[in-house]
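Shown below: my_file02.pdb, with PDB, C-alpha atoms.
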```
ATOM      1  CA  ASN A   1    -226.425  -2.914  35.037
ATOM      2  CA  SER A   2    -223.010  -3.455  36.633
ATOM      3  CA  VAL A   3    -224.590  -4.388  39.962
ATOM      4  CA  MET A   4    -226.825  -6.946  38.252
ATOM      5  CA  GLU A   5    -223.916  -8.314  36.191
ATOM      6  CA  LEU A   6    -221.744  -8.755  39.277
ATOM      7  CA  SER A   7    -224.592 -10.441  41.121
ATOM      8  CA  LYS A   8    -225.341 -12.866  38.260
ATOM      9  CA  VAL A   9    -221.718 -13.856  37.734
ATOM     10  CA  SER A  10    -220.787 -14.164  41.417
ATOM     11  CA  SER A  11    -223.897 -16.236  42.206
ATOM     12  CA  GLY A  12    -223.293 -18.588  39.286
ATOM     13  CA  ALA A  13    -226.577 -17.592  37.604
ATOM     14  CA  GLU A  14    -224.606 -16.605  34.514
ATOM     15  CA  LYS A  15    -222.624 -19.537  33.169
ATOM     16  CA  LEU A  16    -219.021 -19.025  32.171
ATOM     17  CA  ASN A  17    -217.701 -20.305  28.864
ATOM     18  CA  PRO A  18    -213.902 -20.391  29.158
ATOM     19  CA  VAL A  19    -212.135 -21.103  25.863
ATOM     20  CA  ASP A  20    -208.703 -20.435  24.407
ATOM     21  CA  PHE A  21    -208.826 -17.316  22.233
ATOM     22  CA  ASP A  22    -206.632 -14.536  20.879
ATOM     23  CA  MET A  23    -206.983 -11.480  23.107
ATOM     24  CA  SER A  24    -205.430  -9.340  20.367
ATOM     25  CA  GLN A  25    -208.297 -10.250  18.057
ATOM     26  CA  LEU A  26    -210.854  -9.417  20.752
ATOM     27  CA  CYS A  27    -209.136  -6.056  21.334
ATOM     28  CA  PHE A  28    -209.337  -5.363  17.594
ATOM     29  CA  GLU A  29    -213.075  -6.186  17.539
ATOM     30  CA  VAL A  30    -213.862  -4.119  20.638
ATOM     31  CA  ALA A  31    -211.789  -1.153  19.423
ATOM     32  CA  GLY A  32    -213.796  -1.125  16.183
ATOM     33  CA  ARG A  33    -216.932  -0.403  18.188
ATOM     34  CA  TYR A  34    -215.397   2.904  19.287
ATOM     35  CA  ASP A  35    -214.833   4.230  15.754
ATOM     36  CA  ALA A  36    -218.057   6.259  15.601
ATOM     37  CA  VAL A  37    -217.783   7.805  19.075
ATOM     38  CA  CYS A  38    -214.135   8.679  18.421
ATOM     39  CA  GLU A  39    -214.955  10.315  15.091
ATOM     40  CA  GLN A  40    -217.868  12.183  16.636
ATOM     41  CA  ASN A  41    -215.743  13.565  19.502
ATOM     42  CA  GLY A  42    -212.405  14.033  17.757
ATOM     43  CA  TRP A  43    -210.786  11.296  19.869
ATOM     44  CA  LYS A  44    -208.285   8.657  18.866
ATOM     45  CA  LEU A  45    -208.249   5.100  20.180
ATOM     46  CA  GLN A  46    -204.716   3.903  19.591
ATOM     47  CA  LEU A  47    -204.780   0.111  19.193
ATOM     48  CA  GLU A  48    -201.567  -1.854  19.715
ATOM     49  CA  ALA A  49    -202.507  -5.508  19.303
ATOM     50  CA  ASN A  50    -200.419  -6.821  16.413
ATOM     51  CA  LYS A  51    -199.297 -10.176  17.792
ATOM     52  CA  GLU A  52    -201.281 -13.242  18.786
ATOM     53  CA  CYS A  53    -201.941 -13.184  22.507
ATOM     54  CA  MET A  54    -203.649 -16.392  23.629
ATOM     55  CA  VAL A  55    -205.624 -16.544  26.864
ATOM     56  CA  ARG A  56    -208.138 -18.943  28.408
ATOM     57  CA  ALA A  57    -211.205 -17.035  29.536
ATOM     58  CA  ASP A  58    -214.782 -16.303  28.589
ATOM     59  CA  PRO A  59    -214.596 -13.940  25.580
ATOM     60  CA  ALA A  60    -217.959 -12.335  26.427
ATOM     61  CA  MET A  61    -216.769 -11.560  29.959
ATOM     62  CA  MET A  62    -213.469 -10.174  28.686
ATOM     63  CA  GLU A  63    -215.393  -8.010  26.226
ATOM     64  CA  ARG A  64    -217.279  -6.544  29.216
ATOM     65  CA  VAL A  65    -213.969  -5.896  30.956
ATOM     66  CA  LEU A  66    -212.544  -4.081  27.929
ATOM     67  CA  HIS A  67    -215.685  -1.984  27.437
ATOM     68  CA  ASN A  68    -215.692  -0.978  31.094
ATOM     69  CA  LEU A  69    -212.055   0.102  31.047
ATOM     70  CA  LEU A  70    -212.326   1.853  27.672
ATOM     71  CA  GLY A  71    -215.525   3.584  28.794
ATOM     72  CA  ASN A  72    -213.726   4.860  31.880
ATOM     73  CA  ALA A  73    -210.878   6.094  29.676
ATOM     74  CA  THR A  74    -213.309   8.082  27.516
ATOM     75  CA  HIS A  75    -214.812   9.708  30.616
ATOM     76  CA  HIS A  76    -211.365  10.768  31.800
ATOM     77  CA  MET A  77    -209.897  11.749  28.449
ATOM     78  CA  GLY A  78    -206.895  14.028  28.432
ATOM     79  CA  ALA A  79    -206.634  17.183  26.334
ATOM     80  CA  ASP A  80    -204.910  15.211  23.554
ATOM     81  CA  GLY A  81    -208.049  13.100  23.005
ATOM     82  CA  VAL A  82    -206.012   9.892  22.910
ATOM     83  CA  PHE A  83    -206.617   6.659  24.776
ATOM     84  CA  VAL A  84    -204.757   3.412  24.215
ATOM     85  CA  LEU A  85    -205.596  -0.302  24.141
ATOM     86  CA  ARG A  86    -202.690  -2.769  24.056
ATOM     87  CA  ALA A  87    -202.476  -6.569  23.990
ATOM     88  CA  ILE A  88    -198.903  -7.697  24.560
ATOM     89  CA  PRO A  89    -197.739 -11.323  24.546
ATOM     90  CA  MET A  90    -195.553 -12.021  27.570
ATOM     91  CA  PRO A  91    -192.115 -13.620  27.052
ATOM     92  CA  ASN A  92    -192.969 -16.834  28.931
ATOM     93  CA  GLY A  93    -196.503 -17.076  27.571
ATOM     94  CA  GLY A  94    -199.664 -15.401  28.674
ATOM     95  CA  CYS A  95    -200.840 -11.928  27.846
ATOM     96  CA  ARG A  96    -200.767  -8.409  29.224
ATOM     97  CA  VAL A  97    -203.562  -5.989  28.310
ATOM     98  CA  GLU A  98    -203.273  -2.274  29.017
ATOM     99  CA  VAL A  99    -205.858   0.499  28.831
ATOM    100  CA  GLU A 100    -204.288   3.938  29.152
ATOM    101  CA  ASP A 101    -205.704   7.441  29.268
ATOM    102  CA  HIS A 102    -203.872  10.766  29.337
ATOM    103  CA  GLY A 103    -206.316  12.406  31.719
ATOM    104  CA  PRO A 104    -206.008  14.025  35.131
ATOM    105  CA  GLY A 105    -204.709  10.931  36.916
ATOM    106  CA  ILE A 106    -205.653   9.573  40.300
ATOM    107  CA  PRO A 107    -204.068  10.618  43.605
ATOM    108  CA  PRO A 108    -201.784   7.884  45.042
ATOM    109  CA  GLU A 109    -203.824   7.614  48.250
ATOM    110  CA  GLU A 110    -206.933   6.715  46.202
ATOM    111  CA  LEU A 111    -205.339   3.871  44.194
ATOM    112  CA  PRO A 112    -205.678   1.111  46.846
ATOM    113  CA  HIS A 113    -209.462   1.665  46.960
ATOM    114  CA  LEU A 114    -210.270   1.760  43.232
ATOM    115  CA  PHE A 115    -211.496  -1.840  43.075
ATOM    116  CA  ASP A 116    -213.664  -1.582  46.210
ATOM    117  CA  ARG A 117    -217.392  -1.817  45.526
ATOM    118  CA  PHE A 118    -219.109   1.577  45.296
ATOM    119  CA  TYR A 119    -215.822   3.488  45.639
ATOM    120  CA  ARG A 120    -215.549   6.619  43.488
ATOM    121  CA  VAL A 121    -212.730   9.099  43.076
ATOM    122  CA  ASP A 122    -214.818  12.242  42.757
ATOM    123  CA  LYS A 123    -212.075  14.669  43.748
ATOM    124  CA  ALA A 124    -209.625  13.630  41.032
ATOM    125  CA  ARG A 125    -211.975  12.755  38.194
ATOM    126  CA  ALA A 126    -215.040  14.684  37.162
ATOM    127  CA  ARG A 127    -218.149  12.503  37.236
ATOM    128  CA  LYS A 128    -219.266  12.839  33.640
ATOM    129  CA  SER A 129    -220.344   9.208  33.519
ATOM    130  CA  GLY A 130    -222.805   9.134  36.409
ATOM    131  CA  GLY A 131    -221.167   5.838  37.440
ATOM    132  CA  ASN A 132    -222.015   3.983  40.618
ATOM    133  CA  GLY A 133    -218.537   2.815  41.626
ATOM    134  CA  ILE A 134    -219.169  -0.859  40.850
ATOM    135  CA  GLY A 135    -217.546  -1.110  37.397
ATOM    136  CA  LEU A 136    -213.949  -1.619  38.499
ATOM    137  CA  SER A 137    -215.057  -4.091  41.168
ATOM    138  CA  LEU A 138    -216.791  -6.082  38.416
ATOM    139  CA  VAL A 139    -213.693  -5.855  36.197
ATOM    140  CA  LYS A 140    -211.463  -7.181  38.974
ATOM    141  CA  PHE A 141    -213.873 -10.007  39.758
ATOM    142  CA  LEU A 142    -214.091 -11.080  36.091
ATOM    143  CA  VAL A 143    -210.330 -10.916  35.525
ATOM    144  CA  GLU A 144    -209.604 -12.954  38.658
ATOM    145  CA  LEU A 145    -212.193 -15.587  37.651
ATOM    146  CA  PHE A 146    -209.771 -16.584  34.900
ATOM    147  CA  ASP A 147    -206.586 -16.491  37.021
ATOM    148  CA  GLY A 148    -205.743 -12.998  35.802
ATOM    149  CA  THR A 149    -204.564 -10.013  37.785
ATOM    150  CA  ILE A 150    -205.322  -6.322  37.492
ATOM    151  CA  ALA A 151    -203.177  -3.392  38.538
ATOM    152  CA  VAL A 152    -203.367   0.363  38.110
ATOM    153  CA  THR A 153    -200.698   3.027  37.848
ATOM    154  CA  SER A 154    -201.378   6.731  37.664
ATOM    155  CA  GLN A 155    -199.606  10.052  37.613
ATOM    156  CA  LEU A 156    -201.437  13.256  38.405
ATOM    157  CA  GLY A 157    -201.714  15.394  35.295
ATOM    158  CA  LYS A 158    -200.430  12.596  33.037
ATOM    159  CA  GLY A 159    -203.003   9.814  33.119
ATOM    160  CA  THR A 160    -203.821   6.326  34.282
ATOM    161  CA  THR A 161    -203.045   2.828  33.018
ATOM    162  CA  PHE A 162    -204.937  -0.321  33.951
ATOM    163  CA  THR A 163    -202.919  -3.493  33.359
ATOM    164  CA  LEU A 164    -204.475  -6.947  33.116
ATOM    165  CA  THR A 165    -202.210  -9.985  33.139
ATOM    166  CA  PHE A 166    -203.318 -13.474  32.155
ATOM    167  CA  PRO A 167    -201.270 -16.662  32.535
ATOM    168  CA  LEU A 168    -200.170 -18.905  29.699
ATOM    169  CA  THR A 169    -203.156 -20.620  28.147
ATOM    170  CA  THR A 170    -203.348 -24.393  28.445
ATOM    171  CA  LYS A 171    -205.116 -26.032  25.567
ATOM    172  CA  SER A 172    -207.251 -29.005  26.473
TER     173      SER A 172
END
```
What's the structure tokens form of this structure?
Amino acid sequence: NSVMELSKVSSGAEKLNPVDFDMSQLCFEVAGRYDAVCEQNGWKLQLEANKECMVRADPAMMERVLHNLLGNATHHMGADGVFVLRAIPMPNGGCRVEVEDHGPGIPPEELPHLFDRFYRVDKARARKSGGNGIGLSLVKFLVELFDGTIAVTSQLGKGTTFTLTFPLTTKS
């Protein structure tokens, strides 16, 4: 599915619908979809999205981004069973979104390659998901379509955080 999604979006076959919306609200809606799986597995999705965080993007595309990152976090869950979703307004406008897990982490030498198509970090993270290595490439592509950036930080044995940053929204 990720390969087809990336192909459709990059070729222009799937039309984008950029609008101004509250990323905090989207985070709240997406987090709610994890309630059942969290209850079933004894996990906790910690949501920190209490303040309005306006962005200009396609909400459906950003929902895909959040699901991809949260899905990855569930596959690399730490022993505490906690993963985190944050939407933080930036001081000069714009929004920062973070998805954090407390899992095994990713070796520093692997970090520069994470967003490459078909790249997988098999040594550091058990492949429970059966992923194809395209998901993070799709995430990066979608974030950058709307002038956003994505970064990753990780510490072995402590976990990984993906950070998305979007510029100040301009209302038309």
>> Since I can't run it myself right now, could you work out what the PyMOL selection byres ((chain A and resi 46) around 10) selects here and report it as a PyMOL selection string?
In response: chain A and resi 31+43-45+47-49+82-86+99-100
>> the PyMOL selection byres ((chain A and resi 61-67) around 8) - which residues does that actually catch in the file I just gave you? List them as a list in words.
In response: Leu26, Cys27, Val30, Ala57, Asp58, Pro59, Ala60, Asn68, Leu69, Leu70, Gly71, Leu138, Val139, Leu142 and Val143 of chain A
>> Taking (-208.6, -15.4, 35.5) in the coordinates of the supplied file, I want to know which residues reach to within 12 Å of it, counting all atoms listed in the file; could you give the answer as a ChimeraX atom specification?
In response: /A:16,18-19,55-59,61-62,65,94-95,139-150,164-169
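Put simply, the PyMOL selection byres ((chain A and resi 104) around 6) on this file hits Gly103, Gly105, Leu156, Gly157 and Gly159 of chain A.
Atom CA of Ile134 of chain A is found 20.7 Å from atom CA of Val97 of chain A.
Interatomic distance, atom CA of His113 of chain A to atom CA of Ser137 of chain A: 9.9 Å.
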Would you compute, for all listed atoms of segment 18-35 of chain A, the axis-aligned bounding box grown by 8 Å on each side, and then report its centre and edge lengths in Å rounded to one decimal, as JSON?
```
{"center_x": -211.2, "center_y": -8.4, "center_z": 22.5, "size_x": 27.5, "size_y": 41.3, "size_z": 29.4}
```
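Distances here use all atoms listed in the file; by that measure, the residue among A:Thr163, A:Asn92, A:Thr74, A:Asn50 closest to Gln25 of chain A is A:Asn50.
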> Pick from A:Ala151, A:Cys38, A:Cys53, A:Met90: nearest to Met77 of chain A, with all atoms listed in the file counted?
Replying inline: A:Cys38
> Between A:Thr160, A:Asn41, A:Ser154, A:Lys51, which has the minimum distance to Pro108 of chain A (counting all atoms listed in the file)?
Replying inline: A:Ser154
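Picture a line from atom CA of Met23 of chain A to atom CA of Gly93 of chain A; it runs 12.7 Å.
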